[in-house]
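Text of the file protein_0.tsv, holding TSV, N, CA and C atoms:
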```tsv
chain	number	residue	atom	x	y	z
A	29	MET	N	0.55	-20.51	-130.86
A	29	MET	CA	0.72	-21.94	-130.66
A	29	MET	C	-0.18	-22.67	-131.66
A	30	ASP	N	0.43	-23.48	-132.51
A	30	ASP	CA	-0.36	-24.20	-133.50
A	30	ASP	C	-0.49	-25.67	-133.12
A	31	ILE	N	-1.24	-26.39	-133.92
A	31	ILE	CA	-1.55	-27.79	-133.62
A	31	ILE	C	-0.29	-28.67	-133.62
A	32	ALA	N	0.66	-28.36	-134.50
A	32	ALA	CA	1.89	-29.15	-134.56
A	32	ALA	C	2.66	-29.05	-133.25
A	33	GLU	N	2.74	-27.85	-132.69
A	33	GLU	CA	3.43	-27.67	-131.41
A	33	GLU	C	2.74	-28.45	-130.29
A	34	ILE	N	1.43	-28.46	-130.31
A	34	ILE	CA	0.67	-29.18	-129.29
A	34	ILE	C	0.90	-30.68	-129.42
A	35	VAL	N	0.88	-31.18	-130.65
A	35	VAL	CA	1.11	-32.62	-130.87
A	35	VAL	C	2.52	-33.00	-130.42
A	36	ILE	N	3.51	-32.20	-130.78
A	36	ILE	CA	4.89	-32.49	-130.38
A	36	ILE	C	5.02	-32.44	-128.86
A	37	ALA	N	4.39	-31.45	-128.23
A	37	ALA	CA	4.44	-31.36	-126.77
A	37	ALA	C	3.78	-32.57	-126.12
A	38	LEU	N	2.70	-33.07	-126.71
A	38	LEU	CA	2.06	-34.28	-126.18
A	38	LEU	C	2.96	-35.50	-126.35
A	39	LEU	N	3.69	-35.57	-127.45
A	39	LEU	CA	4.65	-36.65	-127.63
A	39	LEU	C	5.76	-36.58	-126.58
A	40	PHE	N	6.21	-35.36	-126.30
A	40	PHE	CA	7.21	-35.18	-125.25
A	40	PHE	C	6.64	-35.59	-123.89
A	41	ALA	N	5.37	-35.27	-123.64
A	41	ALA	CA	4.73	-35.65	-122.37
A	41	ALA	C	4.65	-37.17	-122.26
A	42	ALA	N	4.30	-37.84	-123.35
A	42	ALA	CA	4.23	-39.30	-123.34
A	42	ALA	C	5.62	-39.91	-123.09
A	43	ALA	N	6.63	-39.35	-123.74
A	43	ALA	CA	8.00	-39.84	-123.53
A	43	ALA	C	8.43	-39.60	-122.10
A	44	ALA	N	8.06	-38.46	-121.53
A	44	ALA	CA	8.41	-38.17	-120.13
A	44	ALA	C	7.72	-39.13	-119.19
A	45	ALA	N	6.47	-39.44	-119.46
A	45	ALA	CA	5.74	-40.39	-118.61
A	45	ALA	C	6.36	-41.77	-118.70
A	46	PHE	N	6.72	-42.19	-119.91
A	46	PHE	CA	7.34	-43.50	-120.10
A	46	PHE	C	8.67	-43.58	-119.36
A	47	THR	N	9.52	-42.57	-119.50
A	47	THR	CA	10.83	-42.61	-118.83
A	47	THR	C	10.67	-42.49	-117.31
A	48	ALA	N	9.68	-41.75	-116.85
A	48	ALA	CA	9.44	-41.66	-115.40
A	48	ALA	C	9.00	-43.02	-114.86
A	49	LEU	N	8.09	-43.68	-115.56
A	49	LEU	CA	7.65	-45.01	-115.14
A	49	LEU	C	8.82	-45.98	-115.15
A	50	PHE	N	9.63	-45.90	-116.19
A	50	PHE	CA	10.79	-46.76	-116.28
A	50	PHE	C	11.77	-46.47	-115.14
A	51	GLY	N	11.99	-45.19	-114.84
A	51	GLY	CA	12.87	-44.81	-113.73
A	51	GLY	C	12.37	-45.32	-112.39
A	52	ILE	N	11.07	-45.25	-112.18
A	52	ILE	CA	10.49	-45.73	-110.92
A	52	ILE	C	10.68	-47.25	-110.81
A	53	ARG	N	10.50	-47.96	-111.92
A	53	ARG	CA	10.72	-49.42	-111.90
A	53	ARG	C	12.19	-49.74	-111.63
A	54	GLN	N	13.10	-48.94	-112.17
A	54	GLN	CA	14.52	-49.17	-111.90
A	54	GLN	C	14.83	-48.92	-110.43
A	55	LEU	N	14.27	-47.87	-109.86
A	55	LEU	CA	14.49	-47.59	-108.44
A	55	LEU	C	13.96	-48.71	-107.55
A	56	ALA	N	12.91	-49.39	-108.01
A	56	ALA	CA	12.35	-50.51	-107.27
A	56	ALA	C	13.08	-51.82	-107.59
A	57	CYS	N	14.14	-51.73	-108.40
A	57	CYS	CA	14.94	-52.91	-108.81
A	57	CYS	C	14.09	-53.95	-109.52
A	58	LYS	N	13.19	-53.49	-110.37
A	58	LYS	CA	12.32	-54.38	-111.14
A	58	LYS	C	12.74	-54.37	-112.60
A	59	GLY	N	12.66	-55.52	-113.24
A	59	GLY	CA	12.93	-55.62	-114.66
A	59	GLY	C	14.41	-55.63	-114.98
A	60	TYR	N	14.69	-55.44	-116.24
A	60	TYR	CA	16.06	-55.46	-116.75
A	60	TYR	C	16.78	-54.18	-116.34
A	61	CYS	N	17.98	-54.32	-115.84
A	61	CYS	CA	18.77	-53.15	-115.43
A	61	CYS	C	19.53	-52.60	-116.63
A	62	PHE	N	19.17	-51.41	-117.05
A	62	PHE	CA	19.85	-50.78	-118.18
A	62	PHE	C	21.07	-50.01	-117.68
A	63	ASN	N	22.10	-50.77	-117.36
A	63	ASN	CA	23.35	-50.22	-116.89
A	63	ASN	C	24.47	-51.08	-117.47
A	64	ASN	N	25.54	-50.47	-117.91
A	64	ASN	CA	26.63	-51.22	-118.54
A	64	ASN	C	27.16	-52.33	-117.64
A	65	ALA	N	27.24	-52.10	-116.35
A	65	ALA	CA	27.75	-53.12	-115.44
A	65	ALA	C	26.88	-54.38	-115.50
A	66	TYR	N	25.59	-54.19	-115.64
A	66	TYR	CA	24.68	-55.33	-115.73
A	66	TYR	C	24.70	-55.94	-117.13
A	67	ILE	N	24.68	-55.09	-118.13
A	67	ILE	CA	24.63	-55.56	-119.52
A	67	ILE	C	25.85	-56.41	-119.85
A	68	TYR	N	27.03	-56.00	-119.40
A	68	TYR	CA	28.26	-56.72	-119.72
A	68	TYR	C	28.63	-57.81	-118.72
A	69	ALA	N	27.82	-57.99	-117.68
A	69	ALA	CA	28.11	-59.02	-116.68
A	69	ALA	C	27.78	-60.40	-117.25
A	70	SER	N	28.55	-61.38	-116.80
A	70	SER	CA	28.27	-62.76	-117.22
A	70	SER	C	26.99	-63.25	-116.54
A	71	LYS	N	26.47	-64.35	-117.03
A	71	LYS	CA	25.24	-64.90	-116.47
A	71	LYS	C	25.42	-65.26	-114.99
A	72	GLU	N	26.59	-65.85	-114.66
A	72	GLU	CA	26.85	-66.21	-113.26
A	72	GLU	C	26.93	-64.96	-112.38
A	73	GLU	N	27.58	-63.93	-112.92
A	73	GLU	CA	27.73	-62.69	-112.16
A	73	GLU	C	26.37	-62.04	-111.92
A	74	ARG	N	25.49	-62.10	-112.93
A	74	ARG	CA	24.15	-61.53	-112.77
A	74	ARG	C	23.36	-62.24	-111.68
A	75	GLU	N	23.62	-63.53	-111.50
A	75	GLU	CA	22.88	-64.29	-110.50
A	75	GLU	C	23.45	-64.11	-109.09
A	76	THR	N	24.73	-63.77	-108.98
A	76	THR	CA	25.35	-63.70	-107.65
A	76	THR	C	25.60	-62.28	-107.15
A	77	LYS	N	25.90	-61.36	-108.05
A	77	LYS	CA	26.27	-60.00	-107.65
A	77	LYS	C	25.03	-59.17	-107.32
A	78	ASP	N	25.20	-58.25	-106.38
A	78	ASP	CA	24.13	-57.32	-106.01
A	78	ASP	C	24.19	-56.12	-106.95
A	79	PHE	N	23.18	-55.97	-107.77
A	79	PHE	CA	23.15	-54.87	-108.74
A	79	PHE	C	22.28	-53.71	-108.27
A	80	THR	N	21.91	-53.70	-107.00
A	80	THR	CA	21.06	-52.63	-106.47
A	80	THR	C	21.61	-51.23	-106.74
A	81	PRO	N	22.91	-50.96	-106.51
A	81	PRO	CA	23.41	-49.60	-106.78
A	81	PRO	C	23.27	-49.20	-108.25
A	82	TYR	N	23.39	-50.17	-109.14
A	82	TYR	CA	23.26	-49.88	-110.56
A	82	TYR	C	21.81	-49.61	-110.95
A	83	TYR	N	20.88	-50.36	-110.36
A	83	TYR	CA	19.46	-50.08	-110.57
A	83	TYR	C	19.12	-48.66	-110.09
A	84	LYS	N	19.60	-48.32	-108.90
A	84	LYS	CA	19.31	-46.99	-108.33
A	84	LYS	C	19.88	-45.89	-109.22
A	85	GLN	N	21.12	-46.09	-109.67
A	85	GLN	CA	21.75	-45.10	-110.54
A	85	GLN	C	20.94	-44.93	-111.82
A	86	SER	N	20.58	-46.04	-112.44
A	86	SER	CA	19.80	-45.98	-113.69
A	86	SER	C	18.44	-45.33	-113.45
A	87	GLY	N	17.80	-45.66	-112.34
A	87	GLY	CA	16.50	-45.07	-112.03
A	87	GLY	C	16.57	-43.57	-111.90
A	88	ARG	N	17.58	-43.09	-111.20
A	88	ARG	CA	17.73	-41.64	-111.03
A	88	ARG	C	18.01	-40.95	-112.37
A	89	ILE	N	18.83	-41.58	-113.20
A	89	ILE	CA	19.13	-41.01	-114.52
A	89	ILE	C	17.86	-40.95	-115.36
A	90	PHE	N	17.07	-42.02	-115.37
A	90	PHE	CA	15.84	-42.01	-116.16
A	90	PHE	C	14.85	-40.96	-115.64
A	91	LEU	N	14.80	-40.74	-114.33
A	91	LEU	CA	13.92	-39.68	-113.80
A	91	LEU	C	14.41	-38.30	-114.22
A	92	MET	N	15.73	-38.12	-114.27
A	92	MET	CA	16.26	-36.84	-114.74
A	92	MET	C	15.96	-36.65	-116.23
A	93	ILE	N	16.07	-37.72	-117.00
A	93	ILE	CA	15.72	-37.63	-118.43
A	93	ILE	C	14.25	-37.26	-118.58
A	94	SER	N	13.40	-37.81	-117.73
A	94	SER	CA	11.99	-37.48	-117.76
A	94	SER	C	11.77	-35.99	-117.48
A	95	GLY	N	12.46	-35.48	-116.48
A	95	GLY	CA	12.36	-34.05	-116.16
A	95	GLY	C	12.83	-33.18	-117.31
A	96	MET	N	13.93	-33.58	-117.94
A	96	MET	CA	14.43	-32.81	-119.10
A	96	MET	C	13.42	-32.85	-120.25
A	97	THR	N	12.78	-33.98	-120.45
A	97	THR	CA	11.79	-34.11	-121.52
A	97	THR	C	10.59	-33.22	-121.25
A	98	VAL	N	10.16	-33.15	-120.01
A	98	VAL	CA	9.06	-32.25	-119.64
A	98	VAL	C	9.45	-30.80	-119.94
A	99	LEU	N	10.66	-30.43	-119.53
A	99	LEU	CA	11.11	-29.05	-119.77
A	99	LEU	C	11.21	-28.75	-121.27
A	100	ASP	N	11.66	-29.71	-122.05
A	100	ASP	CA	11.73	-29.51	-123.50
A	100	ASP	C	10.33	-29.35	-124.10
A	101	GLY	N	9.38	-30.16	-123.63
A	101	GLY	CA	8.00	-30.02	-124.10
A	101	GLY	C	7.41	-28.67	-123.74
A	102	LEU	N	7.69	-28.20	-122.54
A	102	LEU	CA	7.20	-26.87	-122.13
A	102	LEU	C	7.85	-25.77	-122.97
A	103	PHE	N	9.12	-25.95	-123.31
A	103	PHE	CA	9.79	-24.98	-124.18
A	103	PHE	C	9.10	-24.92	-125.54
A	104	ILE	N	8.74	-26.07	-126.08
A	104	ILE	CA	8.06	-26.10	-127.38
A	104	ILE	C	6.71	-25.40	-127.29
A	105	LEU	N	5.99	-25.62	-126.20
A	105	LEU	CA	4.66	-25.02	-126.05
A	105	LEU	C	4.71	-23.51	-125.82
A	106	PHE	N	5.59	-23.08	-124.94
A	106	PHE	CA	5.55	-21.69	-124.49
A	106	PHE	C	6.70	-20.82	-125.01
A	107	SER	N	7.69	-21.41	-125.64
A	107	SER	CA	8.84	-20.67	-126.20
A	107	SER	C	9.51	-19.76	-125.17
A	108	GLN	N	9.54	-20.21	-123.94
A	108	GLN	CA	10.21	-19.45	-122.89
A	108	GLN	C	11.63	-20.00	-122.75
A	109	ARG	N	12.58	-19.13	-122.92
A	109	ARG	CA	13.98	-19.53	-122.94
A	109	ARG	C	14.43	-20.24	-121.65
A	110	TRP	N	13.85	-19.87	-120.53
A	110	TRP	CA	14.31	-20.44	-119.27
A	110	TRP	C	13.99	-21.92	-119.15
A	111	PHE	N	12.98	-22.43	-119.91
A	111	PHE	CA	12.73	-23.87	-119.91
A	111	PHE	C	13.93	-24.61	-120.50
A	112	MET	N	14.49	-24.08	-121.57
A	112	MET	CA	15.65	-24.70	-122.20
A	112	MET	C	16.88	-24.58	-121.31
A	113	ILE	N	17.03	-23.45	-120.65
A	113	ILE	CA	18.16	-23.26	-119.73
A	113	ILE	C	18.06	-24.27	-118.58
A	114	ALA	N	16.84	-24.44	-118.06
A	114	ALA	CA	16.64	-25.40	-116.97
A	114	ALA	C	16.94	-26.83	-117.44
A	115	ALA	N	16.55	-27.15	-118.68
A	115	ALA	CA	16.82	-28.49	-119.22
A	115	ALA	C	18.32	-28.70	-119.38
A	116	LEU	N	19.03	-27.69	-119.85
A	116	LEU	CA	20.48	-27.80	-120.00
A	116	LEU	C	21.17	-27.92	-118.64
A	117	LEU	N	20.66	-27.18	-117.66
A	117	LEU	CA	21.19	-27.29	-116.31
A	117	LEU	C	20.95	-28.70	-115.75
A	118	MET	N	19.76	-29.25	-115.99
A	118	MET	CA	19.45	-30.59	-115.53
A	118	MET	C	20.35	-31.62	-116.23
A	119	MET	N	20.65	-31.40	-117.51
A	119	MET	CA	21.54	-32.30	-118.23
A	119	MET	C	22.94	-32.27	-117.61
A	120	THR	N	23.39	-31.09	-117.24
A	120	THR	CA	24.70	-30.96	-116.61
A	120	THR	C	24.73	-31.69	-115.28
A	121	VAL	N	23.69	-31.51	-114.48
A	121	VAL	CA	23.59	-32.20	-113.20
A	121	VAL	C	23.58	-33.71	-113.41
A	122	MET	N	22.86	-34.15	-114.44
A	122	MET	CA	22.77	-35.59	-114.73
A	122	MET	C	24.13	-36.16	-115.09
A	123	ILE	N	24.89	-35.46	-115.90
A	123	ILE	CA	26.21	-35.93	-116.30
A	123	ILE	C	27.14	-36.00	-115.09
A	124	VAL	N	27.14	-34.96	-114.27
A	124	VAL	CA	27.97	-34.95	-113.07
A	124	VAL	C	27.57	-36.09	-112.14
A	125	TYR	N	26.26	-36.28	-111.96
A	125	TYR	CA	25.79	-37.37	-111.11
A	125	TYR	C	26.24	-38.72	-111.65
A	126	ALA	N	26.10	-38.93	-112.95
A	126	ALA	CA	26.46	-40.23	-113.55
A	126	ALA	C	27.93	-40.54	-113.32
A	127	VAL	N	28.79	-39.55	-113.51
A	127	VAL	CA	30.23	-39.78	-113.33
A	127	VAL	C	30.55	-40.01	-111.87
A	128	ARG	N	30.04	-39.15	-110.99
A	128	ARG	CA	30.35	-39.29	-109.56
A	128	ARG	C	29.81	-40.60	-108.98
A	129	SER	N	28.59	-40.97	-109.36
A	129	SER	CA	28.04	-42.20	-108.80
A	129	SER	C	28.76	-43.43	-109.36
A	130	SER	N	29.20	-43.36	-110.61
A	130	SER	CA	29.96	-44.49	-111.17
A	130	SER	C	31.29	-44.66	-110.44
A	131	VAL	N	31.95	-43.55	-110.16
A	131	VAL	CA	33.21	-43.62	-109.42
A	131	VAL	C	32.97	-44.16	-108.01
A	132	LYS	N	31.91	-43.70	-107.37
A	132	LYS	CA	31.59	-44.16	-106.02
A	132	LYS	C	31.29	-45.65	-106.00
A	133	ILE	N	30.49	-46.13	-106.95
A	133	ILE	CA	30.16	-47.55	-107.01
A	133	ILE	C	31.41	-48.38	-107.27
A	134	ALA	N	32.27	-47.92	-108.18
A	134	ALA	CA	33.51	-48.65	-108.48
A	134	ALA	C	34.41	-48.71	-107.25
A	135	LYS	N	34.48	-47.60	-106.52
A	135	LYS	CA	35.31	-47.56	-105.31
A	135	LYS	C	34.76	-48.53	-104.25
A	136	GLU	N	33.44	-48.55	-104.07
A	136	GLU	CA	32.83	-49.46	-103.11
A	136	GLU	C	33.04	-50.91	-103.51
A	137	ASN	N	32.95	-51.20	-104.82
A	137	ASN	CA	33.18	-52.57	-105.29
A	137	ASN	C	34.62	-52.99	-105.04
A	138	LYS	N	35.55	-52.07	-105.26
A	138	LYS	CA	36.97	-52.37	-105.02
A	138	LYS	C	37.22	-52.65	-103.54
A	139	GLU	N	36.64	-51.81	-102.67
A	139	GLU	CA	36.79	-52.02	-101.24
A	139	GLU	C	36.18	-53.34	-100.79
A	140	ASN	N	35.03	-53.71	-101.35
A	140	ASN	CA	34.41	-54.98	-101.00
A	140	ASN	C	35.25	-56.16	-101.46
A	141	LYS	N	35.85	-56.08	-102.64
A	141	LYS	CA	36.72	-57.14	-103.11
A	141	LYS	C	37.95	-57.30	-102.22
A	142	GLU	N	38.51	-56.16	-101.79
A	142	GLU	CA	39.67	-56.20	-100.90
A	142	GLU	C	39.31	-56.84	-99.56
A	143	LYS	N	38.12	-56.56	-99.06
A	143	LYS	CA	37.68	-57.17	-97.79
A	143	LYS	C	37.49	-58.67	-97.95
A	144	GLU	N	36.98	-59.10	-99.11
A	144	GLU	CA	36.78	-60.52	-99.35
A	144	GLU	C	38.11	-61.27	-99.47
A	145	ASN	N	39.13	-60.60	-100.00
A	145	ASN	CA	40.43	-61.23	-100.20
A	145	ASN	C	41.27	-61.30	-98.94
A	146	VAL	N	40.88	-60.57	-97.91
A	146	VAL	CA	41.66	-60.54	-96.67
A	146	VAL	C	41.42	-61.74	-95.84
```

Could I get this structure in the form of structure tokens?
Amino acid sequence: MDIAEIVIALLFAAAAAFTALFGIRQLACKGYCFNNAYIYASKEERETKDFTPYYKQSGRIFLMISGMTVLDGLFILFSQRWFMIAALLMMTVMIVYAVRSSVKIAKENKENKEKENV
């Protein structure tokens, strides 16, 4: 293990800490919501619509990114193949979660609109 690997691993640790902090803030519905539904919403929609499910989704994704970053940093430090396998597995779980939760949120929004129109 040389100094370059240690420096890179520390950079990965800092990135993981930043994304974890950001994920925790998203779960608490604080700050700007980094979700397409929020980004593309009109100003009026941002003021009236409940974006809590989108904050929660983004928060969980950022926490998973943080976990993947930690695993990547550990792979750089220790060169153990299973760290990379675990990171790839976490990426797969993250993608499946993102798709499933997006479908679930869209379905709930559709049902709520139908209830309002009745």

What would the list of residues within 7 Å of (17.0, -45.9, -111.6) (file frame) look like as number ranges by chain, if all atoms listed in the file are what count? A: 50-56, 82-91

Writer output for current selection, N, CA and C atoms, as a PDB file, in the frame of the given file:
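As written to disk, out_11.pdb reads:
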```
ATOM      1  N   PHE A  50       9.630 -45.900-116.190  1.00  0.00           N
ATOM      2  CA  PHE A  50      10.790 -46.760-116.280  1.00  0.00           C
ATOM      3  C   PHE A  50      11.770 -46.470-115.140  1.00  0.00           C
ATOM      4  N   GLY A  51      11.990 -45.190-114.840  1.00  0.00           N
ATOM      5  CA  GLY A  51      12.870 -44.810-113.730  1.00  0.00           C
ATOM      6  C   GLY A  51      12.370 -45.320-112.390  1.00  0.00           C
ATOM      7  N   ILE A  52      11.070 -45.250-112.180  1.00  0.00           N
ATOM      8  CA  ILE A  52      10.490 -45.730-110.920  1.00  0.00           C
ATOM      9  C   ILE A  52      10.680 -47.250-110.810  1.00  0.00           C
ATOM     10  N   ARG A  53      10.500 -47.960-111.920  1.00  0.00           N
ATOM     11  CA  ARG A  53      10.720 -49.420-111.900  1.00  0.00           C
ATOM     12  C   ARG A  53      12.190 -49.740-111.630  1.00  0.00           C
ATOM     13  N   GLN A  54      13.100 -48.940-112.170  1.00  0.00           N
ATOM     14  CA  GLN A  54      14.520 -49.170-111.900  1.00  0.00           C
ATOM     15  C   GLN A  54      14.830 -48.920-110.430  1.00  0.00           C
ATOM     16  N   LEU A  55      14.270 -47.870-109.860  1.00  0.00           N
ATOM     17  CA  LEU A  55      14.490 -47.590-108.440  1.00  0.00           C
ATOM     18  C   LEU A  55      13.960 -48.710-107.550  1.00  0.00           C
ATOM     19  N   ALA A  56      12.910 -49.390-108.010  1.00  0.00           N
ATOM     20  CA  ALA A  56      12.350 -50.510-107.270  1.00  0.00           C
ATOM     21  C   ALA A  56      13.080 -51.820-107.590  1.00  0.00           C
ATOM     22  N   TYR A  82      23.390 -50.170-109.140  1.00  0.00           N
ATOM     23  CA  TYR A  82      23.260 -49.880-110.560  1.00  0.00           C
ATOM     24  C   TYR A  82      21.810 -49.610-110.950  1.00  0.00           C
ATOM     25  N   TYR A  83      20.880 -50.360-110.360  1.00  0.00           N
ATOM     26  CA  TYR A  83      19.460 -50.080-110.570  1.00  0.00           C
ATOM     27  C   TYR A  83      19.120 -48.660-110.090  1.00  0.00           C
ATOM     28  N   LYS A  84      19.600 -48.320-108.900  1.00  0.00           N
ATOM     29  CA  LYS A  84      19.310 -46.990-108.330  1.00  0.00           C
ATOM     30  C   LYS A  84      19.880 -45.890-109.220  1.00  0.00           C
ATOM     31  N   GLN A  85      21.120 -46.090-109.670  1.00  0.00           N
ATOM     32  CA  GLN A  85      21.750 -45.100-110.540  1.00  0.00           C
ATOM     33  C   GLN A  85      20.940 -44.930-111.820  1.00  0.00           C
ATOM     34  N   SER A  86      20.580 -46.040-112.440  1.00  0.00           N
ATOM     35  CA  SER A  86      19.800 -45.980-113.690  1.00  0.00           C
ATOM     36  C   SER A  86      18.440 -45.330-113.450  1.00  0.00           C
ATOM     37  N   GLY A  87      17.800 -45.660-112.340  1.00  0.00           N
ATOM     38  CA  GLY A  87      16.500 -45.070-112.030  1.00  0.00           C
ATOM     39  C   GLY A  87      16.570 -43.570-111.900  1.00  0.00           C
ATOM     40  N   ARG A  88      17.580 -43.090-111.200  1.00  0.00           N
ATOM     41  CA  ARG A  88      17.730 -41.640-111.030  1.00  0.00           C
ATOM     42  C   ARG A  88      18.010 -40.950-112.370  1.00  0.00           C
ATOM     43  N   ILE A  89      18.830 -41.580-113.200  1.00  0.00           N
ATOM     44  CA  ILE A  89      19.130 -41.010-114.520  1.00  0.00           C
ATOM     45  C   ILE A  89      17.860 -40.950-115.360  1.00  0.00           C
ATOM     46  N   PHE A  90      17.070 -42.020-115.370  1.00  0.00           N
ATOM     47  CA  PHE A  90      15.840 -42.010-116.160  1.00  0.00           C
ATOM     48  C   PHE A  90      14.850 -40.960-115.640  1.00  0.00           C
ATOM     49  N   LEU A  91      14.800 -40.740-114.330  1.00  0.00           N
ATOM     50  CA  LEU A  91      13.920 -39.680-113.800  1.00  0.00           C
ATOM     51  C   LEU A  91      14.410 -38.300-114.220  1.00  0.00           C
TER      52      LEU A  91
END
```

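The two atoms in question, atom C of Phe40 in chain A and atom N of Leu105 in chain A, are spaced 10.3 Å apart.
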
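From CA of Phe103 in chain A back to atom N of Met29 in chain A, the distance works out to 12.2 Å.
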
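Across A:Val35, A:Met122, A:Tyr60, A:Asn140, the tightest approach to Met92 in chain A is made by A:Met122 when counting only N, CA and C atoms.
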
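CA of Lys138 in chain A to CA of Glu73 in chain A spans 15.6 Å [interatomic distance, one decimal].
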
Considering only N, CA and C atoms, return as a PDB file with N, CA and C atoms, in the frame of the given file whatever protein or nucleic-acid residues lie within 8 Å of Ser94 in chain A, sequence-local ones (same chain, fewer than 2 positions apart) excluded.
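Dumped to selection.pdb:
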```pdb
ATOM      1  N   ALA A  43       6.630 -39.350-123.740  1.00  0.00           N
ATOM      2  CA  ALA A  43       8.000 -39.840-123.530  1.00  0.00           C
ATOM      3  C   ALA A  43       8.430 -39.600-122.100  1.00  0.00           C
ATOM      4  N   ALA A  44       8.060 -38.460-121.530  1.00  0.00           N
ATOM      5  CA  ALA A  44       8.410 -38.170-120.130  1.00  0.00           C
ATOM      6  C   ALA A  44       7.720 -39.130-119.190  1.00  0.00           C
ATOM      7  N   ALA A  45       6.470 -39.440-119.460  1.00  0.00           N
ATOM      8  CA  ALA A  45       5.740 -40.390-118.610  1.00  0.00           C
ATOM      9  C   ALA A  45       6.360 -41.770-118.700  1.00  0.00           C
ATOM     10  N   PHE A  46       6.720 -42.190-119.910  1.00  0.00           N
ATOM     11  CA  PHE A  46       7.340 -43.500-120.100  1.00  0.00           C
ATOM     12  C   PHE A  46       8.670 -43.580-119.360  1.00  0.00           C
ATOM     13  N   THR A  47       9.520 -42.570-119.500  1.00  0.00           N
ATOM     14  CA  THR A  47      10.830 -42.610-118.830  1.00  0.00           C
ATOM     15  C   THR A  47      10.670 -42.490-117.310  1.00  0.00           C
ATOM     16  N   ALA A  48       9.680 -41.750-116.850  1.00  0.00           N
ATOM     17  CA  ALA A  48       9.440 -41.660-115.400  1.00  0.00           C
ATOM     18  C   ALA A  48       9.000 -43.020-114.860  1.00  0.00           C
ATOM     19  N   LEU A  49       8.090 -43.680-115.560  1.00  0.00           N
ATOM     20  CA  LEU A  49       7.650 -45.010-115.140  1.00  0.00           C
ATOM     21  C   LEU A  49       8.820 -45.980-115.150  1.00  0.00           C
ATOM     22  N   ARG A  88      17.580 -43.090-111.200  1.00  0.00           N
ATOM     23  CA  ARG A  88      17.730 -41.640-111.030  1.00  0.00           C
ATOM     24  C   ARG A  88      18.010 -40.950-112.370  1.00  0.00           C
ATOM     25  N   ILE A  89      18.830 -41.580-113.200  1.00  0.00           N
ATOM     26  CA  ILE A  89      19.130 -41.010-114.520  1.00  0.00           C
ATOM     27  C   ILE A  89      17.860 -40.950-115.360  1.00  0.00           C
ATOM     28  N   PHE A  90      17.070 -42.020-115.370  1.00  0.00           N
ATOM     29  CA  PHE A  90      15.840 -42.010-116.160  1.00  0.00           C
ATOM     30  C   PHE A  90      14.850 -40.960-115.640  1.00  0.00           C
ATOM     31  N   LEU A  91      14.800 -40.740-114.330  1.00  0.00           N
ATOM     32  CA  LEU A  91      13.920 -39.680-113.800  1.00  0.00           C
ATOM     33  C   LEU A  91      14.410 -38.300-114.220  1.00  0.00           C
ATOM     34  N   MET A  92      15.730 -38.120-114.270  1.00  0.00           N
ATOM     35  CA  MET A  92      16.260 -36.840-114.740  1.00  0.00           C
ATOM     36  C   MET A  92      15.960 -36.650-116.230  1.00  0.00           C
ATOM     37  N   MET A  96      13.930 -33.580-117.940  1.00  0.00           N
ATOM     38  CA  MET A  96      14.430 -32.810-119.100  1.00  0.00           C
ATOM     39  C   MET A  96      13.420 -32.850-120.250  1.00  0.00           C
ATOM     40  N   THR A  97      12.780 -33.980-120.450  1.00  0.00           N
ATOM     41  CA  THR A  97      11.790 -34.110-121.520  1.00  0.00           C
ATOM     42  C   THR A  97      10.590 -33.220-121.250  1.00  0.00           C
ATOM     43  N   VAL A  98      10.160 -33.150-120.010  1.00  0.00           N
ATOM     44  CA  VAL A  98       9.060 -32.250-119.640  1.00  0.00           C
ATOM     45  C   VAL A  98       9.450 -30.800-119.940  1.00  0.00           C
ATOM     46  N   LEU A  99      10.660 -30.430-119.530  1.00  0.00           N
ATOM     47  CA  LEU A  99      11.110 -29.050-119.770  1.00  0.00           C
ATOM     48  C   LEU A  99      11.210 -28.750-121.270  1.00  0.00           C
ATOM     49  N   ASP A 100      11.660 -29.710-122.050  1.00  0.00           N
ATOM     50  CA  ASP A 100      11.730 -29.510-123.500  1.00  0.00           C
ATOM     51  C   ASP A 100      10.330 -29.350-124.100  1.00  0.00           C
TER      52      ASP A 100
END
```

Would you kindly return, as a PyMOL selection string, each protein, DNA or RNA residue with an atom no farther than 8 Å from any atom of Met112 in chain A, considering all atoms listed in the file and excluding same-chain residues fewer than 3 positions away? chain A and resi 99-100+102-104+107-109+115-118

Output, as JSON, the centre and edge lengths in Å (one decimal) of the axis-aligned box that contains all listed atoms of range 32-38 of chain A with 6 Å of margin on each side.
```
{"center_x": 2.8, "center_y": -31.6, "center_z": -130.3, "size_x": 16.4, "size_y": 19.8, "size_z": 20.4}
```

Could you find all residues in chain A that DSSP calls helix (DSSP H, G or I) from the backbone, and write them as a VMD selection string? chain A and resid 31 to 55 64 to 67 71 to 76 80 to 106 109 to 145

Restricting the calculation to only N, CA and C atoms, which member of A:Ser70, A:Thr120, A:Phe79, A:Ile93 is positioned closest to Cys57 in chain A? A:Phe79
